[in-house]
>>> print(open('my_file.txt').read())   # compact mmCIF, C-alpha atoms
# COMPACT_ATOMS: atom_id res chain seq x y z
CA ILE L 1 -8.13 -25.49 5.01
CA ILE L 2 -8.94 -21.79 4.67
CA ASP L 3 -11.35 -21.91 1.74
CA GLU L 4 -12.89 -25.37 1.94
CA VAL L 5 -12.80 -26.53 5.57
CA LEU L 6 -12.99 -23.39 7.70
CA LYS L 7 -14.51 -21.13 5.03
CA LEU L 8 -12.93 -18.10 6.67
CA SER L 9 -13.60 -14.64 5.36
CA GLU L 10 -10.55 -12.46 4.86
CA GLU L 11 -11.33 -10.59 8.10
CA GLU L 12 -11.68 -13.86 10.05
CA LEU L 13 -8.50 -15.20 8.50
CA LEU L 14 -6.50 -12.17 9.63
CA LYS L 15 -7.95 -12.28 13.15
CA LYS L 16 -7.98 -16.02 13.82
CA LEU L 17 -5.15 -17.69 11.93
CA CYS L 18 -2.52 -19.17 14.22
CA LYS L 19 -0.53 -22.37 14.67
CA LYS L 20 -3.45 -23.93 16.53
CA THR L 21 -5.61 -23.55 13.39
CA PHE L 22 -3.20 -25.79 11.48
CA TYR L 23 -2.69 -28.19 14.39
CA ASP L 24 -6.44 -28.65 14.97
CA ASN L 25 -6.92 -29.51 11.32
CA GLY L 26 -4.22 -32.16 11.01
CA LEU L 27 -1.60 -29.92 9.40
CA LYS L 28 0.91 -29.66 12.24
CA GLY L 29 3.51 -31.73 10.36
CA MET L 30 3.17 -29.62 7.23
CA LEU L 31 3.41 -26.37 9.17
CA THR L 32 6.40 -27.57 11.19
CA ASN L 33 8.39 -29.32 8.45
CA VAL L 34 7.67 -27.15 5.42
CA PHE L 35 7.09 -23.72 6.93
CA ASP L 36 9.19 -23.79 10.11
CA SER L 37 6.00 -23.48 12.20
CA SER L 38 5.07 -20.16 10.56
CA PRO L 39 1.38 -19.71 9.74
CA TYR L 40 2.31 -16.62 7.70
CA ALA L 41 4.78 -18.62 5.58
CA ALA L 42 2.05 -21.19 4.86
CA ILE L 43 -0.46 -18.50 3.90
CA ASN L 44 2.09 -16.67 1.78
CA ASN L 45 2.83 -19.93 -0.02
CA ALA L 46 -0.87 -20.49 -0.77
CA TYR L 47 -1.63 -16.83 -1.54
CA PRO L 48 1.67 -15.28 -2.67
CA ASP L 49 2.09 -11.64 -1.62
CA LYS L 50 -1.63 -11.20 -0.90
CA TYR L 51 -1.06 -10.52 2.81
CA LYS L 52 1.58 -8.81 4.90
CA PRO L 53 2.83 -10.52 8.08
CA TRP L 54 1.64 -7.66 10.31
CA GLN L 55 -1.96 -8.01 9.10
CA PHE L 56 -2.34 -11.15 11.20
CA ALA L 57 -3.18 -11.17 14.89
CA ASN L 58 0.15 -12.66 15.90
CA VAL L 59 3.48 -11.42 14.59
CA PRO L 60 6.49 -12.45 16.65
CA ASN L 61 8.29 -9.44 18.16
CA SER L 62 11.49 -10.82 16.61
CA TYR L 63 9.97 -10.10 13.19
CA TRP L 64 10.36 -6.36 13.68
CA THR L 65 13.56 -4.82 12.38
CA LYS L 66 14.10 -1.31 11.08
CA GLU L 67 13.74 -2.64 7.52
CA SER L 68 10.45 -4.48 8.17
CA ALA L 69 9.17 -1.48 10.14
CA ILE L 70 9.86 0.88 7.22
CA LYS L 71 7.96 -1.46 4.87
CA ALA L 72 5.04 -1.68 7.29
CA THR L 73 4.91 2.10 7.81
CA LYS L 74 4.90 2.75 4.05
CA TRP L 75 2.22 0.08 3.60
CA LEU L 76 0.09 1.76 6.28
CA ILE L 77 0.45 5.26 4.84
CA GLU L 78 0.40 4.48 1.11
CA GLU L 79 -1.81 1.40 0.80
CA LYS L 80 -4.11 1.26 3.80
CA LEU L 81 -4.78 4.85 4.82
CA LYS L 82 -4.13 6.64 1.52
CA TRP L 83 -4.31 9.91 3.45
CA SER L 84 -3.42 13.33 2.13
CA GLU L 85 -0.61 15.12 3.98
CA GLU L 86 -3.21 17.19 5.84
CA GLU L 87 -5.02 14.04 6.99
CA LEU L 88 -1.68 12.51 7.97
CA PHE L 89 -0.75 15.56 10.05
CA LYS L 90 -4.10 15.56 11.84
CA GLY L 91 -4.72 11.86 12.30
CA LEU L 92 -1.47 10.00 12.78
CA SER L 93 -1.27 8.47 16.24
CA ILE L 94 -0.27 5.34 18.10
CA LYS L 95 -3.94 4.33 17.90
CA ILE L 96 -3.73 4.20 14.10
CA PHE L 97 -0.66 1.95 14.20
CA ARG L 98 -2.40 -0.33 16.69
CA LYS L 99 -5.64 -0.41 14.69
CA TYR L 100 -3.74 -1.84 11.72
CA GLY L 101 -1.79 -4.46 13.68
CA LEU L 102 1.43 -2.49 14.08
CA SER L 103 1.50 -2.10 17.86
CA GLY L 104 4.49 -4.42 18.24
CA MET L 105 6.38 -2.46 15.60
CA ILE L 106 5.60 1.01 16.97
CA ASN L 107 6.48 -0.19 20.48
CA ASN L 108 9.60 -2.27 19.81
CA VAL L 109 11.22 -0.36 16.95
CA TYR L 110 10.09 3.21 17.53
CA ASN L 111 9.48 3.40 21.29
CA ASN L 112 5.82 4.35 20.69
CA SER L 113 6.71 7.35 18.52
CA PRO L 114 4.60 7.72 15.36
CA TYR L 115 6.90 10.52 14.21
CA SER L 116 9.95 8.23 14.47
CA ALA L 117 8.17 5.69 12.28
CA ILE L 118 7.28 8.33 9.68
CA ASN L 119 10.75 9.85 9.74
CA SER L 120 12.31 6.43 9.29
CA ALA L 121 10.11 5.66 6.29
CA TYR L 122 10.34 9.15 4.79
CA PRO L 123 13.61 10.63 6.10
CA ASP L 124 13.47 14.37 6.83
CA LYS L 125 10.31 14.86 4.75
CA TYR L 126 8.24 15.99 7.74
CA LYS L 127 8.86 17.89 10.97
CA PRO L 128 7.78 16.53 14.36
CA TRP L 129 5.56 19.54 15.09
CA GLN L 130 3.45 18.85 11.99
CA PHE L 131 1.85 15.92 13.82
CA PRO L 132 -0.71 15.91 16.65
CA ASN L 133 1.65 14.86 19.43
CA VAL L 134 5.19 16.02 20.00
CA PRO L 135 6.76 14.78 23.23
CA LEU L 136 7.24 17.66 25.69
CA SER L 137 10.85 16.56 26.08
CA TYR L 138 11.38 17.39 22.40
CA TRP L 139 11.15 21.13 22.94
CA ASN L 140 14.20 23.23 23.81
CA ASN L 141 15.60 26.54 22.55
CA GLU L 142 17.15 24.91 19.49
CA THR L 143 14.05 22.97 18.38
CA ALA L 144 11.83 25.98 19.14
CA ALA L 145 14.03 28.21 16.95
CA GLU L 146 13.96 25.62 14.15
CA ALA L 147 10.16 25.35 14.34
CA THR L 148 9.71 29.13 14.38
CA LYS L 149 11.98 29.59 11.36
CA TRP L 150 10.16 26.78 9.55
CA LEU L 151 6.78 28.41 10.29
CA ILE L 152 7.81 31.86 9.06
CA GLU L 153 10.10 30.95 6.17
CA GLU L 154 8.72 27.68 4.78
CA LYS L 155 5.10 27.36 5.83
CA LEU L 156 3.95 31.00 5.72
CA LYS L 157 6.73 32.36 3.46
CA TRP L 158 6.55 35.71 5.22
CA SER L 159 8.80 38.69 4.73
CA GLU L 160 10.22 40.60 7.71
CA GLU L 161 7.43 43.13 7.21
CA ASP L 162 4.81 40.36 7.38
CA VAL L 163 6.32 39.09 10.63
CA VAL L 164 6.12 42.55 12.21
CA LYS L 165 2.53 43.10 11.05
CA LYS L 166 0.95 39.65 11.32
CA LEU L 167 2.74 37.55 13.95
CA SER L 168 0.52 36.62 16.86
CA GLN L 169 0.02 33.82 19.35
CA LYS L 170 -2.87 32.53 17.19
CA ILE L 171 -0.44 31.98 14.28
CA PHE L 172 1.60 29.59 16.43
CA TYR L 173 -1.55 27.76 17.61
CA ASP L 174 -2.89 27.44 14.09
>>> encode(input="my_file.txt", output="structure tokens")
Amino acid sequence: IIDEVLKLSEEELLKKLCKKTFYDNGLKGMLTNVFDSSPYAAINNAYPDKYKPWQFANVPNSYWTKESAIKATKWLIEEKLKWSEEELFKGLSIKIFRKYGLSGMINNVYNNSPYSAINSAYPDKYKPWQFPNVPLSYWNNETAAEATKWLIEEKLKWSEEDVVKKLSQKIFYD
């Protein structure tokens, strides 16, 4: 149906494939009886491991668990974006997750928090303040102290003398 009847490109396949596609082409019984009405299961059977469920326009919200969300986040970062850490820190946003079909995941599993998704996939590898958006509710005396210590000790690797001589508001902004 994909290659010979509809002649869908990969992009069209990912955007348009749904149950109706199978039903309209006389394959309702096959989809229902063999693949439990799952277009993804049918595609995965025909093209094993070529596509991920979240690449298609419709992924049921029930699909998203912490485990599937971790796989999808790693796929996004490692296979799709292939960003350096610097690019990741500058560009990661809800928009990126949505652009790659992960809006249901970021919403349902991570309450629209890109940092929560990253931290789940790569536990404690990154700090929230390394990314473009940190919720204002995140900041308190404890998190501010942690971020300041991280900046001075880990990022800048400054001595006490360096702190006295170089610390400025611009350092925090940068």
>>> atom_distance(input="my_file.txt", atom1="atom CA of L:Leu6", atom2="atom CA of L:Phe22")
10.8 Å
>>> residues_around(input="my_file.txt", residues="L:Leu151", least_positions_apart="5", cutoff="12 Å", atoms="all atoms listed in the file", output="ChimeraX atom specification")
/L:127,129-130,144-146,156-159,163,167,171-174
>>> write_last_selection(input="my_file.txt", atoms="C-alpha atoms", output="tab-separated table (two decimals), in the coordinates of the input")
chain	number	residue	atom	x	y	z
L	127	LYS	CA	8.86	17.89	10.97
L	129	TRP	CA	5.56	19.54	15.09
L	130	GLN	CA	3.45	18.85	11.99
L	144	ALA	CA	11.83	25.98	19.14
L	145	ALA	CA	14.03	28.21	16.95
L	146	GLU	CA	13.96	25.62	14.15
L	156	LEU	CA	3.95	31.00	5.72
L	157	LYS	CA	6.73	32.36	3.46
L	158	TRP	CA	6.55	35.71	5.22
L	159	SER	CA	8.80	38.69	4.73
L	163	VAL	CA	6.32	39.09	10.63
L	167	LEU	CA	2.74	37.55	13.95
L	171	ILE	CA	-0.44	31.98	14.28
L	172	PHE	CA	1.60	29.59	16.43
L	173	TYR	CA	-1.55	27.76	17.61
L	174	ASP	CA	-2.89	27.44	14.09
>>> closest_residue(input="my_file.txt", among="L:Ala121, L:Asn111, L:Ala41, L:Leu17", to="L:Glu78", atoms="only C-alpha atoms")
L:Ala121
>>> residues_around(input="my_file.txt", residues="L:Ala42", least_positions_apart="6", cutoff="12 Å", atoms="only C-alpha atoms", output="ChimeraX atom specification")
/L:1-2,17-19,21-22,27-36,48-49,51,53
>>> atom_distance(input="my_file.txt", atom1="atom CA of L:Glu67", atom2="atom CA of L:Pro39")
21.2 Å
>>> closest_residue(input="my_file.txt", among="L:Tyr40, L:Leu102, L:Ser84, L:Asn108", to="L:Lys66", atoms="all atoms listed in the file")
L:Asn108
>>> residues_around(input="my_file.txt", residues="stretch 87-100 of chain L", least_positions_apart="6", cutoff="7 Å", atoms="all atoms listed in the file", output="JSON, numbers by chain")
{"L": [55, 106, 112, 114, 130, 131, 132]}
>>> atom_distance(input="my_file.txt", atom1="atom CA of L:Asn140", atom2="atom CA of L:Ile70")
28.2 Å
>>> residues_around(input="my_file.txt", residues="L:Lys15", least_positions_apart="5", cutoff="9 Å", atoms="all atoms listed in the file", output="PyMOL selection string")
chain L and resi 10+55-58
>>> build_atoms(input="my_file.txt", residues="stretch 21-36 of chain L", atoms="N, CA and C atoms", output="PDB file, keeping the file's coordinate frame")
ATOM      1  N   THR L  21      -4.704 -23.324  14.530  1.00  0.00           N
ATOM      2  CA  THR L  21      -5.610 -23.550  13.390  1.00  0.00           C
ATOM      3  C   THR L  21      -5.095 -24.720  12.548  1.00  0.00           C
ATOM      4  N   PHE L  22      -3.811 -24.716  12.276  1.00  0.00           N
ATOM      5  CA  PHE L  22      -3.200 -25.790  11.480  1.00  0.00           C
ATOM      6  C   PHE L  22      -3.174 -27.091  12.279  1.00  0.00           C
ATOM      7  N   TYR L  23      -2.788 -27.000  13.553  1.00  0.00           N
ATOM      8  CA  TYR L  23      -2.690 -28.190  14.390  1.00  0.00           C
ATOM      9  C   TYR L  23      -4.044 -28.884  14.521  1.00  0.00           C
ATOM     10  N   ASP L  24      -5.099 -28.089  14.779  1.00  0.00           N
ATOM     11  CA  ASP L  24      -6.440 -28.650  14.970  1.00  0.00           C
ATOM     12  C   ASP L  24      -7.012 -29.283  13.712  1.00  0.00           C
ATOM     13  N   ASN L  25      -6.415 -28.981  12.582  1.00  0.00           N
ATOM     14  CA  ASN L  25      -6.920 -29.510  11.320  1.00  0.00           C
ATOM     15  C   ASN L  25      -5.953 -30.486  10.659  1.00  0.00           C
ATOM     16  N   GLY L  26      -5.089 -31.091  11.485  1.00  0.00           N
ATOM     17  CA  GLY L  26      -4.220 -32.160  11.010  1.00  0.00           C
ATOM     18  C   GLY L  26      -3.047 -31.693  10.151  1.00  0.00           C
ATOM     19  N   LEU L  27      -2.682 -30.421  10.243  1.00  0.00           N
ATOM     20  CA  LEU L  27      -1.600 -29.920   9.400  1.00  0.00           C
ATOM     21  C   LEU L  27      -0.379 -29.462  10.202  1.00  0.00           C
ATOM     22  N   LYS L  28      -0.229 -30.014  11.391  1.00  0.00           N
ATOM     23  CA  LYS L  28       0.910 -29.660  12.240  1.00  0.00           C
ATOM     24  C   LYS L  28       2.228 -30.055  11.559  1.00  0.00           C
ATOM     25  N   GLY L  29       2.285 -31.257  11.014  1.00  0.00           N
ATOM     26  CA  GLY L  29       3.510 -31.730  10.360  1.00  0.00           C
ATOM     27  C   GLY L  29       3.891 -30.846   9.185  1.00  0.00           C
ATOM     28  N   MET L  30       2.901 -30.492   8.372  1.00  0.00           N
ATOM     29  CA  MET L  30       3.170 -29.620   7.230  1.00  0.00           C
ATOM     30  C   MET L  30       3.706 -28.267   7.712  1.00  0.00           C
ATOM     31  N   LEU L  31       3.014 -27.684   8.684  1.00  0.00           N
ATOM     32  CA  LEU L  31       3.410 -26.370   9.170  1.00  0.00           C
ATOM     33  C   LEU L  31       4.814 -26.412   9.761  1.00  0.00           C
ATOM     34  N   THR L  32       5.102 -27.445  10.532  1.00  0.00           N
ATOM     35  CA  THR L  32       6.400 -27.570  11.190  1.00  0.00           C
ATOM     36  C   THR L  32       7.518 -27.863  10.187  1.00  0.00           C
ATOM     37  N   ASN L  33       7.322 -28.865   9.347  1.00  0.00           N
ATOM     38  CA  ASN L  33       8.390 -29.320   8.450  1.00  0.00           C
ATOM     39  C   ASN L  33       8.607 -28.446   7.223  1.00  0.00           C
ATOM     40  N   VAL L  34       7.545 -27.914   6.666  1.00  0.00           N
ATOM     41  CA  VAL L  34       7.670 -27.150   5.420  1.00  0.00           C
ATOM     42  C   VAL L  34       7.822 -25.656   5.691  1.00  0.00           C
ATOM     43  N   PHE L  35       7.135 -25.175   6.717  1.00  0.00           N
ATOM     44  CA  PHE L  35       7.090 -23.720   6.930  1.00  0.00           C
ATOM     45  C   PHE L  35       7.682 -23.283   8.264  1.00  0.00           C
ATOM     46  N   ASP L  36       8.501 -24.138   8.866  1.00  0.00           N
ATOM     47  CA  ASP L  36       9.190 -23.790  10.110  1.00  0.00           C
ATOM     48  C   ASP L  36       8.226 -23.238  11.160  1.00  0.00           C
TER      49      ASP L  36
END
